[in-house]
There are 2 protein chains.
Amino acid sequence: MDPTMDQPLSRMLLESYRSVEEETVAALADRGELGLSPSQAAALLLVDRSGTRLTELAARAQITKQAMMQVVDDLETAGSVRRVPDPTDARAKVVRLTARGLRQRAEARKAISAVEARTRRRLGARRYDTLRETLVALLQPD
Amino acid sequence: MDPTMDQPLSRMLLESYRSVEEETVAALADRGELGLSPSQAAALLLVDRSGTRLTELAARAQITKQAMMQVVDDLETAGSVRRVPDPTDARAKVVRLTARGLRQRAEARKAISAVEARTRRRLGARRYDTLRETLVALLQPD
DNA sequence: GCAATGTGGTAAAGGTGCTTGACGATCCAC
DNA sequence: GTGGATCGTCAAGCACCTTTACCACATTGC
């Protein structure tokens, strides 16, 4: 009998997350993208081509803007991102990817794709797709 | 088109975890089990009736023994648990639930069950069960 | 046109849940 | 018995997030 089955759902989700995340970090490291933490990589993926406001990034990541600030601060220090004033709103700044950030994001995407493809192979396409659908349903507002 | 579907798997898993965890915390609070953090609740569930060593608890939770130390320290301070010397090994101590800890664990179990039942209803029994199976497969060593 | 209220970015402090490193005490195999 | 593993512990630190508090600028309502 597999004892894993008896665990609370939240635990299983957490461990699954950690497992996938760990694989992703390893895949990133393999590509030489050292010095890019998971939260930084996640943030890079949220910036769109024309640049995105801090508040919008925070909303997309579902964290506070202050938390996103810290991530963007680090990314800016690392030269992956820069903040430019928003011409349409003097309060706002737009977070924009630098050439370096673009490169990193591309690598991050590849690393993530590799892990997902690997997972899909392991689980089987059908189960993998069903998993994603179920998670979407789980996250749907009640 | 639901943009949720495009997210990396790790993000979806993390958000699902947070969502379920949040519900669980709320359910715990409803039952008056204030002052019991998720990690503490998780640890309580890992202690078996006859008591369990710190190292074993850490292994079960898949964290370092030092991390488990902190959780157990807090639980002990809160009077939910106590450490008694292991008669079979002078180095070891056994973590044992107090009456309070037993009560808390029972409440925690109920809270978790309530959330899982609710989730099962929302997703449908079939999808819910498939989700658990898939997560088990995901966690299986490669 | 201006006060009230809202929003974007920032600063500071703190908390949770983990990590790594080091260490004494005890156990066990040889 | 001696050397190496194991148990619990202390200490420091890090990743990632929060709350509280501000100021600058925008927008709304009158």
# chains A, B, ... in the order shown; residues from 1 in each chain; ligands from 1
>>> interface_residues(of="chain B", to="chain D", cutoff="8 Å", atoms="only C-alpha atoms (C1' of nucleotides)", output="list in words")
Thr55, Arg91, Ala92 and Lys93 of chain B
>>> closest_atom_pairs(of="chain B", to="chain C", cutoff="10 Å", atoms="only C-alpha atoms (C1' of nucleotides)", output="Markdown table")
| residue | atom | partner | partner_atom | distance |
| --- | --- | --- | --- | --- |
| B:Ser37 | CA | C:DT16 | C1' | 9.3 |
| B:Ser39 | CA | C:DG17 | C1' | 8.0 |
| B:Ile63 | CA | C:DC18 | C1' | 7.9 |
| B:Thr64 | CA | C:DT19 | C1' | 8.2 |
| B:Gln66 | CA | C:DT19 | C1' | 9.0 |
| B:Ala67 | CA | C:DC18 | C1' | 6.5 |
| B:Met68 | CA | C:DC18 | C1' | 9.6 |
| B:Gln70 | CA | C:DG17 | C1' | 9.4 |
| B:Val71 | CA | C:DG17 | C1' | 9.2 |
| B:Asp89 | CA | C:DC27 | C1' | 7.8 |
| B:Ala90 | CA | C:DT26 | C1' | 6.4 |
| B:Arg91 | CA | C:DT26 | C1' | 5.2 |
| B:Ala92 | CA | C:DT26 | C1' | 8.8 |
>>> interface_residues(of="chain B", to="chain A", cutoff="10 Å", atoms="only C-alpha atoms", output="MDAnalysis selection string")
chainID B and resid 2:24 38 42 45:46 61:62 109 112:113 115:116 119:120 122:123 127:128 130:140 142
>>> select_by_dssp(residues="range 5-142 of chain A", states="helix (DSSP H, G or I)", output="MDAnalysis selection string")
chainID A and resid 5:6 9:30 38:46 54:61 65:77 99:123 125:139
>>> select_by_dssp(residues="range 32-124 of chain B", states="strand (DSSP E)", output="list in words")
Thr52, Arg53, Val81, Arg82, Arg83, Val84, Pro85, Lys93, Val94, Val95, Arg96 and Leu97 of chain B
>>> write_last_selection(atoms="N, CA and C atoms", output="PDB file, in the first residue's frame")
ATOM      1  N   THR B  52       7.218   9.576  18.104  1.00  0.00           N
ATOM      2  CA  THR B  52       8.082   9.461  16.935  1.00  0.00           C
ATOM      3  C   THR B  52       9.324  10.318  17.132  1.00  0.00           C
ATOM      4  N   ARG B  53      10.440   9.823  16.661  1.00  0.00           N
ATOM      5  CA  ARG B  53      11.680  10.592  16.780  1.00  0.00           C
ATOM      6  C   ARG B  53      11.673  11.792  15.852  1.00  0.00           C
ATOM      7  N   VAL B  81       2.944  19.077  22.569  1.00  0.00           N
ATOM      8  CA  VAL B  81       3.854  17.963  22.359  1.00  0.00           C
ATOM      9  C   VAL B  81       4.878  17.986  23.478  1.00  0.00           C
ATOM     10  N   ARG B  82       5.415  16.839  23.813  1.00  0.00           N
ATOM     11  CA  ARG B  82       6.571  16.872  24.705  1.00  0.00           C
ATOM     12  C   ARG B  82       7.608  15.861  24.257  1.00  0.00           C
ATOM     13  N   ARG B  83       8.848  16.109  24.665  1.00  0.00           N
ATOM     14  CA  ARG B  83       9.938  15.231  24.267  1.00  0.00           C
ATOM     15  C   ARG B  83      10.291  14.339  25.439  1.00  0.00           C
ATOM     16  N   VAL B  84      10.274  13.047  25.234  1.00  0.00           N
ATOM     17  CA  VAL B  84      10.670  12.129  26.295  1.00  0.00           C
ATOM     18  C   VAL B  84      11.846  11.304  25.784  1.00  0.00           C
ATOM     19  N   PRO B  85      12.769  10.988  26.672  1.00  0.00           N
ATOM     20  CA  PRO B  85      13.942  10.215  26.243  1.00  0.00           C
ATOM     21  C   PRO B  85      13.528   8.854  25.697  1.00  0.00           C
ATOM     22  N   LYS B  93      15.341  11.141  21.449  1.00  0.00           N
ATOM     23  CA  LYS B  93      14.163  11.498  22.214  1.00  0.00           C
ATOM     24  C   LYS B  93      12.954  11.181  21.355  1.00  0.00           C
ATOM     25  N   VAL B  94      11.862  10.960  22.025  1.00  0.00           N
ATOM     26  CA  VAL B  94      10.649  10.644  21.299  1.00  0.00           C
ATOM     27  C   VAL B  94       9.667  11.803  21.457  1.00  0.00           C
ATOM     28  N   VAL B  95       9.137  12.257  20.344  1.00  0.00           N
ATOM     29  CA  VAL B  95       8.144  13.320  20.375  1.00  0.00           C
ATOM     30  C   VAL B  95       6.777  12.673  20.568  1.00  0.00           C
ATOM     31  N   ARG B  96       6.108  13.124  21.628  1.00  0.00           N
ATOM     32  CA  ARG B  96       4.825  12.512  21.943  1.00  0.00           C
ATOM     33  C   ARG B  96       3.763  13.598  22.064  1.00  0.00           C
ATOM     34  N   LEU B  97       2.566  13.288  21.629  1.00  0.00           N
ATOM     35  CA  LEU B  97       1.476  14.253  21.722  1.00  0.00           C
ATOM     36  C   LEU B  97       0.973  14.341  23.163  1.00  0.00           C
TER      37      LEU B  97
END
>>> atom_distance(atom1="CA of Ala26 in chain A", atom2="CA of Ala106 in chain A")
15.9 Å
